[in-house]
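For reference, the structure discussed in these notes is given below.
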Amino acid sequence: MLITFNFQNTSYQADLSQPIDISIPLKEGTDTVNCFYAPLMETSPVIAGDFIGSTQQGGLVNFLNIRLNPHGNGTHTECAGHITKEVYTINQSLRNYHFIAKLVSVYPTKLENGDRVILKTQMEALLREGEAEALIIRTLPNHEDKLTRHYSGTNPPYIDYQAMEYIVSCGVQHLLVDLPSVDREEDGGKLLAHKAFWQLPDNVRKNATITELLFVNNIIKDDFYLLNIQISSLEIDASPSKPVIYKIKSKI
């Protein structure tokens, strides 16, 4: 299925039958990504009298409860309500679902204290003002163990707040990263990158989102894509999500 769409007065074409999924699947067990000491995802059948919601346990249908933490168990998309006292929900914040996105790859810079950080100078070399509504950051090296990595207590890479300010100044409304957080794992509650992205406390960007814990396979080239962010309609700050990108086939 080919679609034609316009961006900045130019027409583009994409093939919706060729999606590229950049999410990490949610699954039970320890062989899956996890961070911030979140409990692992679990499912359990509904049991009511003689009814059991598991075909493996003799039931007629699978009818499962799910326990998960969106921020800790896999790919998720969050809104400003993640860090504000005022309630903002992802279902109300994300009202459009297709965007022009730029995929960039970057080696975080290793600081003297051992932290690996994406700096403003690196973003300045990769992103220009107004060229994309969404930015997808793939950190290097990019090993497949990102699909199952347990990040808790490992001080993963993060984004410097000045780099984040630059990203916002370029007009990026939706930021997607393969990191567990845009901020340092333990930063004393500063949350400087989150605050810079949502422009808190002065001006809340209510419709801007951050998606974390992606995996962008190495075979996918840095380029511009049509991005579709899929979420559940949850009235909380974040939802498990499925970002999908499509190659832009041609300019018309």
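By convention here, the chains of the structure tokens are called A, B, ... in the order presented, each chain's residues are numbered starting at 1, and ligands are numbered starting at 1 in the order presented.
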Counting only C-alpha atoms, what is within 8 Å of stretch 225-228 of chain A, bar same-chain residues fewer than 6 positions away, as a CSV table (one decimal) with N, CA and C atoms, in the first residue's frame?
chain,number,residue,atom,x,y,z
A,14,ALA,N,5.6,6.6,0.7
A,14,ALA,CA,6.0,5.5,1.6
A,14,ALA,C,5.2,4.3,1.3
A,97,TYR,N,-0.2,10.5,15.2
A,97,TYR,CA,0.6,9.2,15.4
A,97,TYR,C,1.6,9.0,14.2
A,98,HIS,N,1.7,9.9,13.3
A,98,HIS,CA,2.6,9.8,12.1
A,98,HIS,C,3.4,11.1,12.0
A,99,PHE,N,4.7,10.8,11.9
A,99,PHE,CA,5.7,12.0,11.9
A,99,PHE,C,6.9,11.7,10.9
A,100,ILE,N,7.5,12.8,10.4
A,100,ILE,CA,8.7,12.6,9.7
A,100,ILE,C,9.8,12.5,10.8
A,101,ALA,N,10.6,11.5,10.7
A,101,ALA,CA,11.6,11.2,11.8
A,101,ALA,C,13.0,11.1,11.1
A,102,LYS,N,14.0,11.6,11.8
A,102,LYS,CA,15.4,11.4,11.4
A,102,LYS,C,16.0,10.4,12.3
A,103,LEU,N,16.6,9.4,11.8
A,103,LEU,CA,17.4,8.4,12.5
A,103,LEU,C,18.9,8.7,12.5
A,134,ALA,N,10.4,14.3,14.5
A,134,ALA,CA,10.8,13.3,15.5
A,134,ALA,C,12.3,13.0,15.3
A,243,PRO,N,6.8,1.7,18.2
A,243,PRO,CA,7.2,2.6,17.1
A,243,PRO,C,7.6,1.8,15.9
A,244,VAL,N,7.0,2.2,14.7
A,244,VAL,CA,7.3,1.5,13.5
A,244,VAL,C,7.7,2.6,12.5
A,245,ILE,N,8.7,2.3,11.7
A,245,ILE,CA,9.2,3.3,10.7
A,245,ILE,C,9.0,2.7,9.3
A,246,TYR,N,8.9,3.6,8.3
A,246,TYR,CA,8.8,3.2,6.9
A,246,TYR,C,9.8,4.0,6.1
A,247,LYS,N,10.4,3.3,5.2
A,247,LYS,CA,11.3,4.0,4.3
A,247,LYS,C,10.5,5.0,3.4
A,248,ILE,N,11.1,6.2,3.2
A,248,ILE,CA,10.5,7.1,2.3
A,248,ILE,C,11.0,6.7,0.9
Can you pull out the residues contacting A:Thr211? Cut-off 10 Å, using only C-alpha atoms, and skip same-chain residues under 2 positions away; I want them as a compact mmCIF listing (two decimals) with N, CA and C atoms, in the first residue's frame.
# COMPACT_ATOMS: atom_id res chain seq x y z
N SER A 23 10.59 -1.61 18.11
CA SER A 23 10.28 -1.82 19.52
C SER A 23 10.92 -3.11 20.03
N HIS A 71 7.68 1.77 32.27
CA HIS A 71 9.00 2.39 32.23
C HIS A 71 10.14 1.38 32.37
N THR A 75 9.89 -1.28 25.57
CA THR A 75 9.68 -0.05 24.83
C THR A 75 8.42 0.66 25.33
N HIS A 76 8.54 1.93 25.61
CA HIS A 76 7.40 2.69 26.13
C HIS A 76 7.50 4.14 25.68
N THR A 77 6.34 4.79 25.65
CA THR A 77 6.26 6.20 25.30
C THR A 77 5.64 6.95 26.46
N GLU A 78 6.29 8.05 26.84
CA GLU A 78 5.85 8.80 28.02
C GLU A 78 5.62 10.27 27.67
N CYS A 79 4.79 10.91 28.49
CA CYS A 79 4.48 12.32 28.31
C CYS A 79 5.01 13.11 29.51
N ILE A 136 15.13 9.92 16.21
CA ILE A 136 15.42 8.58 16.72
C ILE A 136 16.93 8.48 16.91
N HIS A 174 9.00 14.71 19.23
CA HIS A 174 8.98 13.33 19.69
C HIS A 174 10.39 12.77 19.61
N LEU A 175 10.93 12.40 20.75
CA LEU A 175 12.28 11.87 20.85
C LEU A 175 12.22 10.39 21.17
N LEU A 176 12.97 9.60 20.42
CA LEU A 176 12.99 8.15 20.62
C LEU A 176 14.44 7.71 20.80
N VAL A 177 14.70 6.94 21.86
CA VAL A 177 16.06 6.52 22.17
C VAL A 177 16.10 5.04 22.53
N ASP A 178 17.27 4.43 22.37
CA ASP A 178 17.42 3.02 22.75
C ASP A 178 17.98 2.88 24.16
N LEU A 179 17.85 3.93 24.95
CA LEU A 179 18.34 3.97 26.33
C LEU A 179 17.18 3.77 27.30
N PRO A 180 17.47 3.34 28.53
CA PRO A 180 16.39 3.24 29.53
C PRO A 180 15.86 4.58 29.99
N SER A 181 16.67 5.63 29.84
CA SER A 181 16.25 6.96 30.23
C SER A 181 17.11 8.00 29.52
N VAL A 182 16.55 9.18 29.31
CA VAL A 182 17.36 10.26 28.75
C VAL A 182 18.24 10.89 29.81
N THR A 209 6.53 13.92 23.34
CA THR A 209 6.72 12.61 23.97
C THR A 209 8.16 12.14 23.87
N LEU A 213 13.92 2.73 25.34
CA LEU A 213 14.14 1.29 25.20
C LEU A 213 13.71 0.76 23.84
N LEU A 214 14.22 1.41 22.79
CA LEU A 214 14.08 0.90 21.43
C LEU A 214 15.17 -0.11 21.14
N ILE A 229 3.90 5.99 15.82
CA ILE A 229 3.99 5.61 17.23
C ILE A 229 2.65 5.03 17.65
N ALA A 238 2.43 6.97 30.89
CA ALA A 238 3.20 6.24 29.89
C ALA A 238 2.46 4.98 29.46
N SER A 239 2.81 4.51 28.27
CA SER A 239 2.21 3.29 27.75
C SER A 239 3.27 2.45 27.08
N PRO A 240 3.20 1.11 27.21
CA PRO A 240 3.99 0.27 26.31
C PRO A 240 3.68 0.71 24.88
N SER A 241 4.70 0.74 24.03
CA SER A 241 4.47 1.28 22.69
C SER A 241 5.19 0.47 21.62
N LYS A 242 4.77 0.72 20.39
CA LYS A 242 5.31 0.02 19.24
C LYS A 242 5.62 1.05 18.16
N PRO A 243 6.79 1.67 18.20
CA PRO A 243 7.16 2.58 17.12
C PRO A 243 7.56 1.79 15.88
DSSP on the backbone: which residues in stretch 8-230 of chain A end up as alpha helix (DSSP H)? Give the answer as a PyMOL selection string. chain A and resi 70-73+90-93+120-126+161-169+192-198
C-alpha atoms of the current selection, written as a PDB file, in the first residue's frame:
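Result file follows (again_22.pdb):
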ATOM      1  CA  PRO A  70       5.803   0.548  31.289  1.00  0.00           C
ATOM      2  CA  HIS A  71       9.000   2.391  32.228  1.00  0.00           C
ATOM      3  CA  GLY A  72      10.945  -0.680  33.264  1.00  0.00           C
ATOM      4  CA  ASN A  73       9.780  -3.610  31.164  1.00  0.00           C
ATOM      5  CA  ILE A  90      -0.153   9.692  27.349  1.00  0.00           C
ATOM      6  CA  ASN A  91      -3.561   9.031  25.811  1.00  0.00           C
ATOM      7  CA  GLN A  92      -4.406  12.739  25.938  1.00  0.00           C
ATOM      8  CA  SER A  93      -0.918  13.966  25.040  1.00  0.00           C
ATOM      9  CA  LYS A 120      25.390  19.109  22.405  1.00  0.00           C
ATOM     10  CA  THR A 121      28.290  19.210  19.943  1.00  0.00           C
ATOM     11  CA  GLN A 122      27.380  15.715  18.766  1.00  0.00           C
ATOM     12  CA  MET A 123      23.759  16.674  18.214  1.00  0.00           C
ATOM     13  CA  GLU A 124      24.757  19.840  16.377  1.00  0.00           C
ATOM     14  CA  ALA A 125      26.598  17.669  13.858  1.00  0.00           C
ATOM     15  CA  LEU A 126      23.594  15.379  13.316  1.00  0.00           C
ATOM     16  CA  TYR A 161      20.628  18.609  29.189  1.00  0.00           C
ATOM     17  CA  GLN A 162      22.330  21.110  26.840  1.00  0.00           C
ATOM     18  CA  ALA A 163      22.107  18.554  24.040  1.00  0.00           C
ATOM     19  CA  MET A 164      18.442  18.165  24.898  1.00  0.00           C
ATOM     20  CA  GLU A 165      17.899  21.917  24.777  1.00  0.00           C
ATOM     21  CA  TYR A 166      19.428  21.907  21.299  1.00  0.00           C
ATOM     22  CA  ILE A 167      17.175  19.033  20.191  1.00  0.00           C
ATOM     23  CA  VAL A 168      14.120  20.992  21.358  1.00  0.00           C
ATOM     24  CA  SER A 169      15.361  24.150  19.625  1.00  0.00           C
ATOM     25  CA  LEU A 192      17.633  17.798  33.744  1.00  0.00           C
ATOM     26  CA  ALA A 193      17.166  16.225  30.312  1.00  0.00           C
ATOM     27  CA  HIS A 194      13.513  15.361  30.940  1.00  0.00           C
ATOM     28  CA  LYS A 195      12.853  18.895  32.169  1.00  0.00           C
ATOM     29  CA  ALA A 196      14.697  20.428  29.217  1.00  0.00           C
ATOM     30  CA  PHE A 197      12.670  18.363  26.759  1.00  0.00           C
ATOM     31  CA  TRP A 198       9.298  19.273  28.249  1.00  0.00           C
TER      32      TRP A 198
END
Show me, as a PyMOL selection string, the residues that have an atom within 8 Å of A:Gly53 when counting only C-alpha atoms, minus same-chain residues fewer than 6 positions from it. chain A and resi 45-47+59-64
Which residue out of A:Pro19, A:Gly74, A:Thr10, A:Asn65 has the minimum interatomic distance to A:Ala38 when only C-alpha atoms are used? A:Gly74
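Proximity to A:His143 was assessed for A:Thr89, A:Arg184, A:Glu129, A:Ile219 counting only C-alpha atoms; the smallest distance is recorded for A:Ile219.
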What does the structure give for the distance between atom CA of A:Leu68 and atom CA of A:Leu234, in Å to one decimal? 13.2 Å
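As for atom CA of A:Leu191 and atom CA of A:Lys146, they are spaced 23.2 Å apart.
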Give me, as a list in words, all polymer residues having an atom no more than 10 Å from A:Thr154, counting only C-alpha atoms and skipping those fewer than 3 positions away in the same chain.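 The neighbour list is Cys35, Phe36, His150, Tyr151, Pro157 and Glu185 of chain A.
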I need the residues of stretch 1-206 of chain A that end up classed as strand (DSSP E or B) by DSSP on the backbone, written out as an MDAnalysis selection string. chainID A and resid 2:7 10:15 20:21 34 42:45 47:48 51:52 64:67 76:78 98:106 109:110 116:118 134:139 150 158:159 174:177
Of the candidates A:Met1, A:Leu135, A:Ala80, A:Val87, which one gets nearest to A:Phe224 if we count only C-alpha atoms? A:Leu135
